[in-house]
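Chemist: Contents are mmCIF, C-alpha atoms; file name my_file14.cif:
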data_run
loop_
_atom_site.label_atom_id
_atom_site.label_comp_id
_atom_site.auth_asym_id
_atom_site.auth_seq_id
_atom_site.Cartn_x
_atom_site.Cartn_y
_atom_site.Cartn_z
CA MET Y 1301 116.31 -95.10 90.67
CA THR Y 1302 114.14 -97.78 92.30
CA VAL Y 1303 114.91 -99.38 95.62
CA GLY Y 1304 117.26 -102.36 95.29
CA ARG Y 1305 118.62 -101.26 91.95
CA ARG Y 1306 122.25 -100.20 92.01
CA TRP Y 1307 124.14 -98.43 89.29
CA SER Y 1308 127.46 -99.82 88.18
CA LEU Y 1309 130.65 -97.87 88.82
CA SER Y 1310 131.14 -97.33 85.08
CA ARG Y 1311 127.72 -95.69 84.81
CA ARG Y 1312 128.36 -93.50 87.83
CA VAL Y 1313 131.76 -92.37 86.56
CA ALA Y 1314 130.35 -91.71 83.09
CA LEU Y 1315 127.41 -89.79 84.56
CA VAL Y 1316 129.66 -87.61 86.75
CA ALA Y 1317 131.95 -86.90 83.81
CA VAL Y 1318 128.97 -86.00 81.58
CA ILE Y 1319 127.56 -83.70 84.28
CA VAL Y 1320 130.89 -81.85 84.47
CA LEU Y 1321 131.08 -81.78 80.68
CA ALA Y 1322 127.49 -80.53 80.52
CA GLY Y 1323 128.47 -77.52 82.63
CA TRP Y 1324 131.21 -76.60 80.18
CA VAL Y 1325 128.92 -77.24 77.21
CA VAL Y 1326 126.28 -74.92 78.68
CA VAL Y 1327 128.90 -72.22 79.24
CA LEU Y 1328 130.23 -72.63 75.69
CA THR Y 1329 126.73 -72.71 74.19
CA VAL Y 1330 125.71 -69.53 75.98
CA GLY Y 1331 129.01 -67.91 75.06
CA VAL Y 1332 128.69 -68.84 71.38
CA ASN Y 1333 125.13 -67.53 71.22
CA LEU Y 1334 126.11 -64.28 72.95
CA VAL Y 1335 129.00 -63.81 70.50
CA VAL Y 1336 126.77 -64.58 67.51
CA THR Y 1337 124.06 -62.20 68.76
CA ALA Y 1338 126.60 -59.44 69.35
CA ARG Y 1339 128.19 -60.02 65.97
CA LEU Y 1340 124.82 -59.87 64.17
CA ALA Y 1341 123.97 -56.64 66.00
CA GLN Y 1342 127.32 -55.18 65.05
CA GLU Y 1343 126.84 -56.11 61.40
CA ALA Y 1344 123.38 -54.51 61.39
CA ASP Y 1345 124.78 -51.29 62.91
CA ASP Y 1346 127.67 -51.21 60.43
CA LEU Y 1347 125.26 -51.68 57.54
CA LEU Y 1348 122.98 -48.86 58.74
CA ARG Y 1349 125.88 -46.49 59.38
CA THR Y 1350 127.51 -47.21 56.02
CA GLU Y 1351 124.30 -46.70 54.09
CA ALA Y 1352 123.53 -43.46 55.93
CA GLN Y 1353 127.00 -42.06 55.37
CA LEU Y 1354 126.98 -42.99 51.69
CA THR Y 1355 123.61 -41.33 51.25
CA ALA Y 1356 124.75 -38.22 53.13
CA ASP Y 1357 127.81 -37.94 50.91
CA THR Y 1358 125.61 -37.74 47.80
CA ILE Y 1359 123.57 -34.81 49.14
CA GLU Y 1360 124.64 -31.29 48.28
CA ILE Y 1361 123.67 -28.12 50.11
CA GLY Y 1362 122.31 -25.33 47.99
CA PRO Y 1363 121.45 -21.66 48.66
CA ASP Y 1364 119.51 -21.01 51.83
CA SER Y 1365 120.65 -24.45 53.14
CA GLN Y 1366 118.44 -26.27 50.70
CA LEU Y 1367 119.21 -29.98 50.17
CA ILE Y 1368 120.00 -31.05 46.61
CA LEU Y 1369 119.17 -34.80 46.50
CA PRO Y 1370 120.55 -37.48 44.19
CA THR Y 1371 118.30 -38.82 41.49
CA SER Y 1372 117.84 -42.19 43.25
CA THR Y 1373 119.01 -44.31 46.11
CA ASN Y 1374 119.88 -47.98 46.17
CA ASP Y 1375 118.14 -48.87 49.42
CA ALA Y 1376 116.13 -51.68 47.86
CA ALA Y 1377 119.28 -53.54 46.90
CA LEU Y 1378 120.61 -53.21 50.43
CA ASP Y 1379 117.29 -54.02 52.13
CA VAL Y 1380 117.72 -50.80 54.07
CA GLY Y 1381 115.08 -48.07 54.27
CA THR Y 1382 116.46 -44.56 53.92
CA TRP Y 1383 114.81 -41.25 54.79
CA ILE Y 1384 116.21 -37.80 54.03
CA LEU Y 1385 114.88 -35.06 56.25
CA HIS Y 1386 115.28 -31.28 56.00
CA GLY Y 1387 114.82 -30.21 59.55
CA THR Y 1388 111.94 -32.38 60.72
CA ASN Y 1389 110.30 -32.64 57.31
CA ILE Y 1390 110.72 -35.76 55.22
CA VAL Y 1391 112.16 -34.80 51.85
CA GLN Y 1392 112.53 -38.33 50.56
CA GLY Y 1393 111.70 -41.76 51.95
CA PRO Y 1394 110.55 -45.27 51.03
CA SER Y 1395 107.16 -45.20 49.39
CA ASP Y 1396 105.97 -48.42 51.07
CA SER Y 1397 106.97 -47.50 54.64
CA GLN Y 1398 104.48 -44.80 55.58
CA SER Y 1399 104.00 -46.41 59.01
CA LEU Y 1400 107.66 -45.80 59.83
CA ASN Y 1401 107.75 -42.11 58.92
CA ALA Y 1402 106.90 -40.99 62.46
CA GLU Y 1403 109.88 -42.91 63.89
CA ALA Y 1404 112.15 -41.42 61.21
CA MET Y 1405 110.93 -37.91 62.02
CA ARG Y 1406 111.58 -38.57 65.73
CA LEU Y 1407 115.27 -39.14 64.99
CA ALA Y 1408 115.68 -35.79 63.21
CA ASP Y 1409 118.13 -33.36 64.80
CA ARG Y 1410 119.47 -36.06 67.21
CA GLY Y 1411 122.89 -36.24 65.58
CA GLN Y 1412 124.54 -39.64 65.17
CA ALA Y 1413 122.33 -42.03 67.14
CA PHE Y 1414 121.01 -45.60 67.13
CA ASP Y 1415 117.52 -46.59 68.16
CA GLN Y 1416 115.50 -49.77 68.06
CA THR Y 1417 111.86 -50.74 67.87
CA ASP Y 1418 111.40 -54.02 69.75
CA GLY Y 1419 108.85 -56.73 69.07
CA PRO Y 1420 108.43 -59.61 66.63
CA ASN Y 1421 108.94 -57.16 63.72
CA GLY Y 1422 111.69 -55.17 65.38
CA VAL Y 1423 113.51 -52.43 63.43
CA ARG Y 1424 116.99 -51.00 63.99
CA TRP Y 1425 117.41 -47.28 63.30
CA TYR Y 1426 120.36 -44.95 62.68
CA SER Y 1427 120.49 -41.19 62.10
CA GLU Y 1428 123.36 -39.39 60.32
CA PRO Y 1429 123.32 -35.54 60.49
CA ILE Y 1430 123.95 -33.27 57.47
CA PHE Y 1431 125.84 -30.08 58.31
CA ASP Y 1432 126.13 -26.73 56.57
CA GLY Y 1433 129.22 -25.48 58.25
CA ASP Y 1434 128.61 -25.88 61.94
CA ARG Y 1435 124.82 -25.99 61.63
CA GLN Y 1436 122.80 -29.20 61.09
CA VAL Y 1437 120.41 -28.62 58.23
CA GLY Y 1438 119.24 -32.21 57.59
CA THR Y 1439 119.31 -35.83 58.65
CA VAL Y 1440 119.68 -39.14 56.87
CA VAL Y 1441 117.78 -41.90 58.71
CA THR Y 1442 118.30 -45.55 57.83
CA ALA Y 1443 116.22 -48.48 59.10
CA LEU Y 1444 116.78 -52.22 58.96
CA SER Y 1445 114.38 -55.05 59.84
CA LEU Y 1446 115.78 -57.29 62.61
CA ALA Y 1447 113.64 -60.33 61.66
CA PRO Y 1448 116.41 -62.05 59.61
CA TYR Y 1449 118.95 -61.47 62.38
CA GLN Y 1450 116.57 -62.74 65.06
CA SER Y 1451 115.81 -65.79 62.94
CA THR Y 1452 119.53 -66.43 62.50
CA GLY Y 1453 120.05 -66.15 66.27
CA GLN Y 1454 117.20 -68.56 66.96
CA TYR Y 1455 118.53 -71.10 64.47
CA THR Y 1456 121.97 -70.75 66.01
CA LEU Y 1457 120.58 -71.34 69.50
CA ALA Y 1458 118.55 -74.37 68.38
CA GLY Y 1459 121.51 -75.77 66.45
CA THR Y 1460 123.94 -75.41 69.35
CA ALA Y 1461 121.39 -76.94 71.74
CA VAL Y 1462 120.94 -79.97 69.48
CA LEU Y 1463 124.70 -80.30 69.07
CA ALA Y 1464 125.13 -80.07 72.85
CA VAL Y 1465 122.58 -82.86 73.44
CA LEU Y 1466 124.20 -85.05 70.79
CA LEU Y 1467 127.64 -84.32 72.21
CA LEU Y 1468 126.61 -85.19 75.77
CA THR Y 1469 124.80 -88.35 74.67
CA GLY Y 1470 127.76 -89.50 72.65
CA ALA Y 1471 130.16 -88.57 75.46
CA TYR Y 1472 128.13 -90.60 77.97
CA LEU Y 1473 128.05 -93.66 75.73
CA VAL Y 1474 131.75 -93.43 74.96
CA LEU Y 1475 132.71 -92.78 78.59
CA HIS Y 1476 130.49 -95.60 79.86
CA ALA Y 1477 131.96 -98.04 77.37
CA GLY Y 1478 135.50 -96.83 78.07
CA VAL Y 1479 135.20 -96.98 81.85
CA ALA Y 1480 133.45 -100.36 81.69
CA ARG Y 1481 136.24 -101.70 79.52
CA ALA Y 1482 138.87 -100.23 81.83
CA LEU Y 1483 137.19 -101.79 84.88
CA ARG Y 1484 136.58 -105.16 83.26
CA PRO Y 1485 139.99 -106.55 84.33
CA VAL Y 1486 139.25 -105.48 87.91
CA GLU Y 1487 135.94 -107.36 87.84
CA GLU Y 1488 137.59 -110.41 86.29
CA MET Y 1489 140.37 -110.43 88.88
CA THR Y 1490 137.87 -110.00 91.72
CA ASN Y 1491 135.70 -112.88 90.48
CA GLN Y 1492 138.78 -115.02 89.94
CA ALA Y 1493 140.01 -114.34 93.48
CA ALA Y 1494 136.55 -115.23 94.82
CA ARG Y 1495 136.61 -118.55 92.93
CA TRP Y 1496 140.13 -119.34 94.12
CA SER Y 1497 139.18 -118.56 97.74
CA THR Y 1498 136.52 -121.30 97.58
CA ASP Y 1499 137.97 -123.82 95.11
CA ASP Y 1500 141.76 -123.40 94.94
CA VAL Y 1501 143.12 -121.18 97.68
CA ASP Y 1502 146.73 -121.85 96.62
CA ARG Y 1503 146.35 -120.16 93.20
CA ARG Y 1504 147.97 -116.71 92.69
CA PHE Y 1505 147.94 -113.96 90.07
CA GLY Y 1506 151.72 -113.81 89.95
CA ASP Y 1507 153.97 -111.24 88.22
CA HIS Y 1508 152.38 -111.06 84.78
CA ARG Y 1509 152.60 -107.77 82.87
CA ARG Y 1510 149.71 -105.49 83.83
CA PRO Y 1511 149.00 -101.78 84.21
CA THR Y 1512 150.35 -100.36 87.47
CA GLU Y 1513 146.91 -100.12 89.12
CA LEU Y 1514 146.04 -103.72 88.25
CA ASP Y 1515 149.46 -104.88 89.39
CA ASN Y 1516 148.84 -103.32 92.81
CA LEU Y 1517 145.43 -105.01 92.94
CA ALA Y 1518 146.98 -108.37 92.01
CA MET Y 1519 149.61 -108.00 94.76
CA THR Y 1520 146.91 -107.14 97.32
CA LEU Y 1521 144.71 -110.08 96.33
CA ASP Y 1522 147.69 -112.44 96.38
CA ALA Y 1523 148.56 -111.25 99.89
CA LEU Y 1524 144.97 -111.85 101.04
CA LEU Y 1525 145.00 -115.33 99.51
CA ASP Y 1526 148.33 -116.03 101.23
CA ARG Y 1527 146.89 -115.11 104.62
CA LEU Y 1528 143.70 -117.09 103.94
CA SER Y 1529 145.72 -120.13 102.90
CA ALA Y 1530 147.87 -119.91 106.01
CA VAL Y 1531 144.81 -119.64 108.27
CA LEU Y 1532 143.14 -122.60 106.60
CA ARG Y 1533 146.29 -124.72 106.87
CA ASN Y 1534 146.61 -123.92 110.56
CA GLU Y 1535 142.93 -124.66 111.19
CA ARG Y 1536 143.05 -127.96 109.32
CA GLN Y 1537 146.25 -128.94 111.11
CA LEU Y 1538 144.76 -128.06 114.49
CA SER Y 1539 141.57 -130.00 113.72
CA ALA Y 1540 143.58 -133.02 112.60
CA GLU Y 1541 145.80 -132.92 115.71
CA ILE Y 1542 142.86 -132.57 118.09
CA SER Y 1543 140.98 -135.34 116.32
CA HIS Y 1544 144.00 -137.63 116.45
CA GLU Y 1545 144.79 -136.89 120.09
CA LEU Y 1546 141.21 -137.53 121.21
CA ARG Y 1547 140.39 -140.45 118.95
CA THR Y 1548 143.39 -142.52 120.06
CA PRO Y 1549 142.49 -142.85 123.76
CA LEU Y 1550 138.83 -143.40 122.87
CA ALA Y 1551 139.71 -146.16 120.43
CA ARG Y 1552 142.03 -147.73 123.05
CA ALA Y 1553 139.31 -147.59 125.71
CA LEU Y 1554 136.75 -149.16 123.36
CA ALA Y 1555 139.19 -151.94 122.50
CA GLU Y 1556 139.85 -152.62 126.18
CA ILE Y 1557 136.12 -152.75 126.96
CA GLN Y 1558 135.49 -155.14 124.07
CA LEU Y 1559 138.31 -157.41 125.32
CA LEU Y 1560 136.86 -157.36 128.82
CA LEU Y 1561 133.44 -158.29 127.45
CA GLN Y 1562 134.99 -161.38 125.83
CA LEU Y 1563 136.48 -162.63 129.11
CA PRO Y 1564 134.67 -165.69 130.59
CA GLU Y 1565 133.24 -166.06 134.06
CA GLN Y 1566 131.81 -162.54 134.43
CA ASP Y 1567 128.68 -161.91 136.40
CA GLN Y 1568 125.69 -160.23 134.84
CA ASN Y 1569 126.20 -156.91 136.62
CA THR Y 1570 129.78 -156.60 135.36
CA THR Y 1571 128.75 -157.43 131.83
CA GLN Y 1572 125.94 -154.88 132.01
CA ALA Y 1573 128.30 -152.21 133.37
CA LEU Y 1574 130.89 -152.89 130.68
CA GLY Y 1575 128.18 -152.73 128.02
CA ASP Y 1576 126.98 -149.38 129.31
CA ILE Y 1577 130.56 -148.10 129.30
CA GLU Y 1578 131.01 -149.27 125.70
CA ILE Y 1579 127.82 -147.48 124.66
CA SER Y 1580 128.96 -144.30 126.41
CA LEU Y 1581 132.39 -144.46 124.77
CA GLN Y 1582 130.79 -144.97 121.37
CA GLU Y 1583 128.55 -141.97 122.00
CA MET Y 1584 131.62 -139.95 122.93
CA ALA Y 1585 133.31 -141.04 119.68
CA ASP Y 1586 130.23 -139.96 117.70
CA ILE Y 1587 130.12 -136.61 119.50
CA LEU Y 1588 133.83 -136.10 118.84
CA GLU Y 1589 133.36 -136.87 115.16
CA THR Y 1590 130.48 -134.39 114.97
CA LEU Y 1591 132.56 -131.71 116.70
CA MET Y 1592 135.46 -132.26 114.32
CA THR Y 1593 133.12 -132.10 111.35
CA ALA Y 1594 131.74 -128.79 112.64
CA ALA Y 1595 135.25 -127.42 113.11
CA ARG Y 1596 136.24 -128.45 109.60
CA GLN Y 1597 133.06 -126.95 108.18
CA GLN Y 1598 133.80 -123.60 109.88
CA SER Y 1599 137.46 -123.49 108.86
CA SER Y 1600 137.67 -125.23 105.50
CA SER Y 1601 137.65 -123.12 102.37
CA PRO Y 1602 135.02 -124.53 99.98
CA PRO Y 1603 131.54 -125.28 101.35
CA GLY Y 1604 131.12 -128.19 98.92
CA ARG Y 1605 127.89 -129.55 97.48
CA CYS Y 1606 125.81 -132.71 97.61
CA ASP Y 1607 122.46 -134.16 96.65
CA ALA Y 1608 120.46 -133.74 99.85
CA ALA Y 1609 117.83 -136.19 98.61
CA ALA Y 1610 120.45 -138.91 98.16
CA VAL Y 1611 121.97 -138.21 101.59
CA VAL Y 1612 118.56 -138.46 103.25
CA GLN Y 1613 117.73 -141.64 101.35
CA GLY Y 1614 120.99 -143.23 102.49
CA LEU Y 1615 120.40 -142.23 106.12
CA ALA Y 1616 116.87 -143.62 106.00
CA GLU Y 1617 118.12 -146.97 104.73
CA ARG Y 1618 120.93 -147.28 107.26
CA ARG Y 1619 119.08 -145.98 110.32
CA GLY Y 1620 115.63 -147.40 109.57
CA GLN Y 1621 116.33 -150.57 111.56
CA PRO Y 1622 115.31 -151.38 114.19
CA PRO Y 1623 111.84 -149.83 113.99
CA PRO Y 1624 110.39 -147.29 113.90
CA GLU Y 1625 111.12 -146.97 110.20
CA ILE Y 1626 112.38 -143.82 108.50
CA THR Y 1627 110.55 -142.85 105.31
CA ALA Y 1628 112.30 -140.51 102.88
CA ILE Y 1629 109.99 -138.33 100.77
CA THR Y 1630 111.80 -136.75 97.81
CA SER Y 1631 110.78 -135.32 94.45
CA GLY Y 1632 114.05 -135.43 92.58
CA PRO Y 1633 117.57 -134.12 93.19
CA ALA Y 1634 118.00 -131.23 95.61
CA VAL Y 1635 121.60 -129.98 95.48
CA ALA Y 1636 122.69 -128.30 98.72
CA GLY Y 1637 125.78 -126.15 99.14
CA VAL Y 1638 127.37 -128.35 101.81
CA ASP Y 1639 129.49 -131.51 101.87
CA ALA Y 1640 127.60 -134.78 102.10
CA ALA Y 1641 129.51 -135.76 105.25
CA VAL Y 1642 128.59 -132.50 106.95
CA LEU Y 1643 124.92 -132.81 106.01
CA GLU Y 1644 124.85 -136.42 107.18
CA ARG Y 1645 126.40 -135.48 110.52
CA ALA Y 1646 123.91 -132.61 110.92
CA LEU Y 1647 120.85 -134.76 110.16
CA SER Y 1648 121.90 -137.84 112.17
CA PRO Y 1649 121.07 -136.35 115.60
CA LEU Y 1650 117.70 -135.20 114.26
CA LEU Y 1651 116.84 -138.68 113.00
CA ASP Y 1652 118.10 -140.34 116.18
CA ASN Y 1653 116.01 -137.97 118.27
CA ALA Y 1654 112.94 -138.55 116.08
CA LYS Y 1655 113.33 -142.37 116.26
CA ARG Y 1656 113.69 -142.16 120.02
CA PHE Y 1657 110.32 -140.45 120.44
CA ALA Y 1658 108.37 -141.75 117.41
CA ALA Y 1659 105.56 -144.25 117.93
CA THR Y 1660 105.56 -145.99 114.55
CA GLU Y 1661 107.27 -143.90 111.85
CA VAL Y 1662 109.60 -140.98 111.03
CA GLU Y 1663 109.19 -138.99 107.82
CA VAL Y 1664 111.95 -136.95 106.20
CA GLU Y 1665 110.79 -134.70 103.36
CA VAL Y 1666 113.32 -133.03 101.02
CA THR Y 1667 112.21 -130.14 98.82
CA ALA Y 1668 114.29 -128.08 96.38
CA LEU Y 1669 113.39 -124.40 96.71
CA ARG Y 1670 114.61 -121.33 94.87
CA GLY Y 1671 118.14 -120.82 96.20
CA ALA Y 1672 117.71 -123.28 99.08
CA VAL Y 1673 116.98 -126.88 100.06
CA ARG Y 1674 114.42 -127.61 102.79
CA ILE Y 1675 114.52 -130.78 104.88
CA VAL Y 1676 111.62 -131.47 107.25
CA VAL Y 1677 111.86 -134.25 109.88
CA ARG Y 1678 108.52 -135.36 111.38
CA ASP Y 1679 107.72 -138.06 113.92
CA ASP Y 1680 104.43 -139.35 115.33
CA GLY Y 1681 105.55 -139.14 118.94
CA PRO Y 1682 104.22 -136.97 121.78
CA GLY Y 1683 105.79 -133.78 120.37
CA ILE Y 1684 107.79 -131.09 122.12
CA THR Y 1685 106.39 -129.45 125.21
CA ALA Y 1686 105.93 -125.70 125.27
CA GLY Y 1687 108.54 -125.41 128.01
CA ASP Y 1688 111.16 -127.41 126.09
CA LEU Y 1689 110.61 -125.78 122.69
CA PRO Y 1690 112.68 -122.58 123.25
CA HIS Y 1691 115.65 -124.53 124.69
CA ILE Y 1692 116.07 -127.74 122.69
CA PHE Y 1693 119.07 -126.39 120.71
CA GLU Y 1694 120.94 -125.24 123.82
CA PRO Y 1695 124.00 -127.37 124.71
CA GLY Y 1696 123.37 -129.58 127.73
CA TYR Y 1697 119.61 -129.03 127.84
CA ARG Y 1698 117.77 -132.29 128.40
CA GLY Y 1699 114.07 -132.36 127.74
CA GLN Y 1700 111.87 -134.99 129.39
CA SER Y 1701 110.38 -137.51 126.95
CA ALA Y 1702 107.19 -139.49 127.34
CA ASN Y 1703 109.05 -142.75 128.01
CA GLY Y 1704 111.37 -141.28 130.63
CA HIS Y 1705 114.47 -141.22 128.41
CA GLN Y 1706 116.91 -138.48 129.31
CA GLY Y 1707 119.63 -137.77 126.74
CA ALA Y 1708 122.93 -135.96 127.10
CA GLY Y 1709 121.55 -132.75 125.61
CA LEU Y 1710 124.26 -132.45 122.91
CA GLY Y 1711 122.76 -134.00 119.78
CA LEU Y 1712 120.45 -131.17 118.69
CA ALA Y 1713 122.97 -128.56 119.85
CA LEU Y 1714 125.68 -130.09 117.65
CA ALA Y 1715 123.25 -130.32 114.75
CA TYR Y 1716 122.39 -126.65 115.23
CA ARG Y 1717 126.09 -125.74 115.21
CA LEU Y 1718 126.79 -127.73 112.05
CA ILE Y 1719 123.80 -126.32 110.18
CA THR Y 1720 124.47 -122.69 111.10
CA ALA Y 1721 128.17 -123.12 110.25
CA ALA Y 1722 127.05 -124.10 106.74
CA ASP Y 1723 124.92 -120.90 106.49
CA GLY Y 1724 121.74 -122.87 107.07
CA THR Y 1725 118.89 -122.52 109.54
CA ILE Y 1726 116.99 -124.95 111.76
CA SER Y 1727 113.72 -124.51 113.62
CA ALA Y 1728 111.50 -126.73 115.73
CA ALA Y 1729 107.76 -126.93 116.25
CA SER Y 1730 105.40 -129.27 118.02
CA GLY Y 1731 102.65 -130.95 116.07
CA ASN Y 1732 100.03 -130.35 118.75
CA GLY Y 1733 100.20 -133.83 120.17
CA HIS Y 1734 101.04 -135.40 116.82
CA GLY Y 1735 104.82 -135.39 117.00
CA ALA Y 1736 107.69 -132.96 116.57
CA VAL Y 1737 108.57 -131.12 113.35
CA LEU Y 1738 112.17 -130.03 112.75
CA THR Y 1739 112.78 -127.89 109.64
CA VAL Y 1740 116.27 -127.47 108.19
CA THR Y 1741 116.98 -125.01 105.39
CA MET Y 1742 120.34 -125.22 103.63
CA PRO Y 1743 121.65 -122.94 100.87
CA ALA Y 1744 121.50 -124.37 97.39
CA ALA Y 1745 124.73 -125.02 95.51
#
Rewrite the structure from the file as structure tokens, please.
Modeler:
Amino acid sequence: MTVGRRWSLSRRVALVAVIVLAGWVVVLTVGVNLVVTARLAQEADDLLRTEAQLTADTIEIGPDSQLILPTSTNDAALDVGTWILHGTNIVQGPSDSQSLNAEAMRLADRGQAFDQTDGPNGVRWYSEPIFDGDRQVGTVVTALSLAPYQSTGQYTLAGTAVLAVLLLTGAYLVLHAGVARALRPVEEMTNQAARWSTDDVDRRFGDHRRPTELDNLAMTLDALLDRLSAVLRNERQLSAEISHELRTPLARALAEIQLLLQLPEQDQNTTQALGDIEISLQEMADILETLMTAARQQSSSPPGRCDAAAVVQGLAERRGQPPPEITAITSGPAVAGVDAAVLERALSPLLDNAKRFAATEVEVEVTALRGAVRIVVRDDGPGITAGDLPHIFEPGYRGQSANGHQGAGLGLALAYRLITAADGTISAASGNGHGAVLTVTMPAA
């Protein structure tokens, strides 16, 4: 199995079952072949013994222990060679088996005994003694070629091996299909729970009729969805309460400042101070809105989706005045897996920062990649110093710009928090005296 390739549970279960079954099949195959081999050997021995005894019964003993032989034997019909020996001398034997006479003579005077000549043309032997009273006067020797029996054993072994392979192959296919079908409801319920957790967290499997195992799974998934729904409700409620509690005094303070600015007979210093306070309060309101958006992004259930190219185009149009202008470079839709409001809040500090340091123009390039959307913000300002580059996303860090502007150090940090909360990444680089380059990568929808 190659790296990165994973077998499904149905294949693993089927493979384990087939391995266990293969062990039993091997045992049964070996057992069957041993039984067949033993049975063939027994049949050969019975045939040799029967033929020898029948031949011995037809022989009479004459005067001086001479053997009176029958006129003929029927060994050809039985495919059994038969020798009749008087002492160690062959009295009668097959005419076409001269090469076997020595083995037949070797079995003389051995009583009832089996012997075997091994090899590709193996022969099974049996000797039956002929008695005159208590004295053995002759021997009947029968021989049988083992080639047909060996051939039968080989065919049996090959046949059982083929049947075993076919059985195991069929068992694997049937088991794989059966287990896959049995697990299909589990996969469907898992996928359904995953969809509900992102799109409709209040959906449940309920008490429909199911097998016991699936019913337990449904109850477990419903309990998980209940806890997830409760957590999301609490998070949304907390975010809403915090937002409401903080927005109200800010809105009141802004209203008071605007009323004060409309009062007549104010000196220039007071008007300037009130204007600075209004700007600071507005910045606080923007920071609060960004923080609330980040909190909602981290606690809300579905990540959402939007056309990043359209969001960037809208930001460029709204924030392009006063100069420097913002130029959006797009090559068609680029759907990101994040809400449009979240993406807009994440990109706004980047554009504001780029406009603050740019000399004449800010470029925002949107590119749809495989599984991601890349957004690159470039300006033609002095760039980021080597000392500032590792720290620009740290909360409260204020880098020194070329024109002496010193920000609050929260914009890029909030953008970083929003982007990472949406499973995205952001990086910064200096253009070697030709401006800063901020690269945002968001997951595709």
Chemist: Which one of Y:Gly1478, Y:Gly1683, Y:Gly1387, Y:Gly1419 sits closest to Arg1406 in chain Y if you count only C-alpha atoms?
Modeler: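 Ranking Y:Gly1478, Y:Gly1683, Y:Gly1387, Y:Gly1419 by distance to Arg1406 in chain Y, first place goes to Y:Gly1387.
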Chemist: On this file, the PyMOL selection byres ((chain Y and resi 1654-1670) around 9) gives some set of residues; write that set as number ranges by chain.
Modeler: Y: 1608-1609, 1612-1613, 1616, 1620, 1623-1636, 1649-1653, 1671-1683, 1701-1703, 1705, 1735-1736, 1744
Chemist: Which of these, Y:Ala1458, Y:Leu1560, Y:Ala1341, Y:Val1501, has the shortest distance to Val1423 in chain Y once you count all atoms listed in the file?
Modeler: Y:Ala1341
Chemist: Provide the CA of Val1611 in chain Y to CA of Leu1643 in chain Y distance in Å, to one decimal place.
Modeler: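 Here the two named atoms are 7.6 Å from each other.
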Chemist: Can you list, as JSON, numbers by chain, the residues that the PyMOL selection byres ((chain Y and resi 1360-1363) around 12) selects here?
Modeler: {"Y": [1355, 1356, 1357, 1358, 1359, 1364, 1365, 1366, 1367, 1368, 1369, 1370, 1371, 1386, 1430, 1431, 1432, 1433, 1435, 1436, 1437, 1438]}
Chemist: Okay, now the selection with C-alpha atoms, as a compact mmCIF listing (two decimals), in the coordinates of the input?
Modeler:
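In the end it all went to out.txt:
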# COMPACT_ATOMS: atom_id res chain seq x y z
CA THR Y 1355 123.61 -41.33 51.25
CA ALA Y 1356 124.75 -38.22 53.13
CA ASP Y 1357 127.81 -37.94 50.91
CA THR Y 1358 125.61 -37.74 47.80
CA ILE Y 1359 123.57 -34.81 49.14
CA ASP Y 1364 119.51 -21.01 51.83
CA SER Y 1365 120.65 -24.45 53.14
CA GLN Y 1366 118.44 -26.27 50.70
CA LEU Y 1367 119.21 -29.98 50.17
CA ILE Y 1368 120.00 -31.05 46.61
CA LEU Y 1369 119.17 -34.80 46.50
CA PRO Y 1370 120.55 -37.48 44.19
CA THR Y 1371 118.30 -38.82 41.49
CA HIS Y 1386 115.28 -31.28 56.00
CA ILE Y 1430 123.95 -33.27 57.47
CA PHE Y 1431 125.84 -30.08 58.31
CA ASP Y 1432 126.13 -26.73 56.57
CA GLY Y 1433 129.22 -25.48 58.25
CA ARG Y 1435 124.82 -25.99 61.63
CA GLN Y 1436 122.80 -29.20 61.09
CA VAL Y 1437 120.41 -28.62 58.23
CA GLY Y 1438 119.24 -32.21 57.59
Chemist: What gap, in Å, lies between CA of Leu1400 in chain Y and CA of Gly1381 in chain Y?
Modeler: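 Pair CA of Leu1400 in chain Y / CA of Gly1381 in chain Y returns 9.5 Å.
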Chemist: Starting from the point (150.3, -113.9, 100.0), work out which residues of protein, DNA or RNA have an atom no more than 12 Å away when counting only C-alpha atoms; state them as a list in words.
Modeler: Val1501, Asp1502, Arg1503, Arg1504, Phe1505, Gly1506, Ala1518, Met1519, Thr1520, Leu1521, Asp1522, Ala1523, Leu1524, Leu1525, Asp1526, Arg1527, Leu1528, Ser1529, Ala1530 and Val1531 of chain Y
Chemist: Compare Y:Thr1456, Y:Thr1570, Y:Thr1417, Y:Thr1469 by their minimum atom-to-atom distance to Ala1322 in chain Y, counting all atoms listed in the file, and give me the closest one.
Modeler: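 Counting all atoms listed in the file, the residue closest to Ala1322 in chain Y is Y:Thr1469.
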Chemist: Quote the spacing between CA of Thr1337 in chain Y and CA of Thr1452 in chain Y in Å to one decimal place.
Modeler: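 So the answer is 8.8 Å.
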Chemist: Residues within 8 Å of Arg1424 in chain Y, please, as a VMD selection string. Count all atoms listed in the file; anything in the same chain fewer than 3 positions from it doesn't count.
Modeler: chain Y and resid 1344 to 1345 1414 to 1417 1443 to 1446
Chemist: Deliver the residues from the most recent selection as a file, using C-alpha atoms, as a tab-separated table (two decimals), in the coordinates of the input.
Modeler:
chain	number	residue	atom	x	y	z
Y	1344	ALA	CA	123.38	-54.51	61.39
Y	1345	ASP	CA	124.78	-51.29	62.91
Y	1414	PHE	CA	121.01	-45.60	67.13
Y	1415	ASP	CA	117.52	-46.59	68.16
Y	1416	GLN	CA	115.50	-49.77	68.06
Y	1417	THR	CA	111.86	-50.74	67.87
Y	1443	ALA	CA	116.22	-48.48	59.10
Y	1444	LEU	CA	116.78	-52.22	58.96
Y	1445	SER	CA	114.38	-55.05	59.84
Y	1446	LEU	CA	115.78	-57.29	62.61
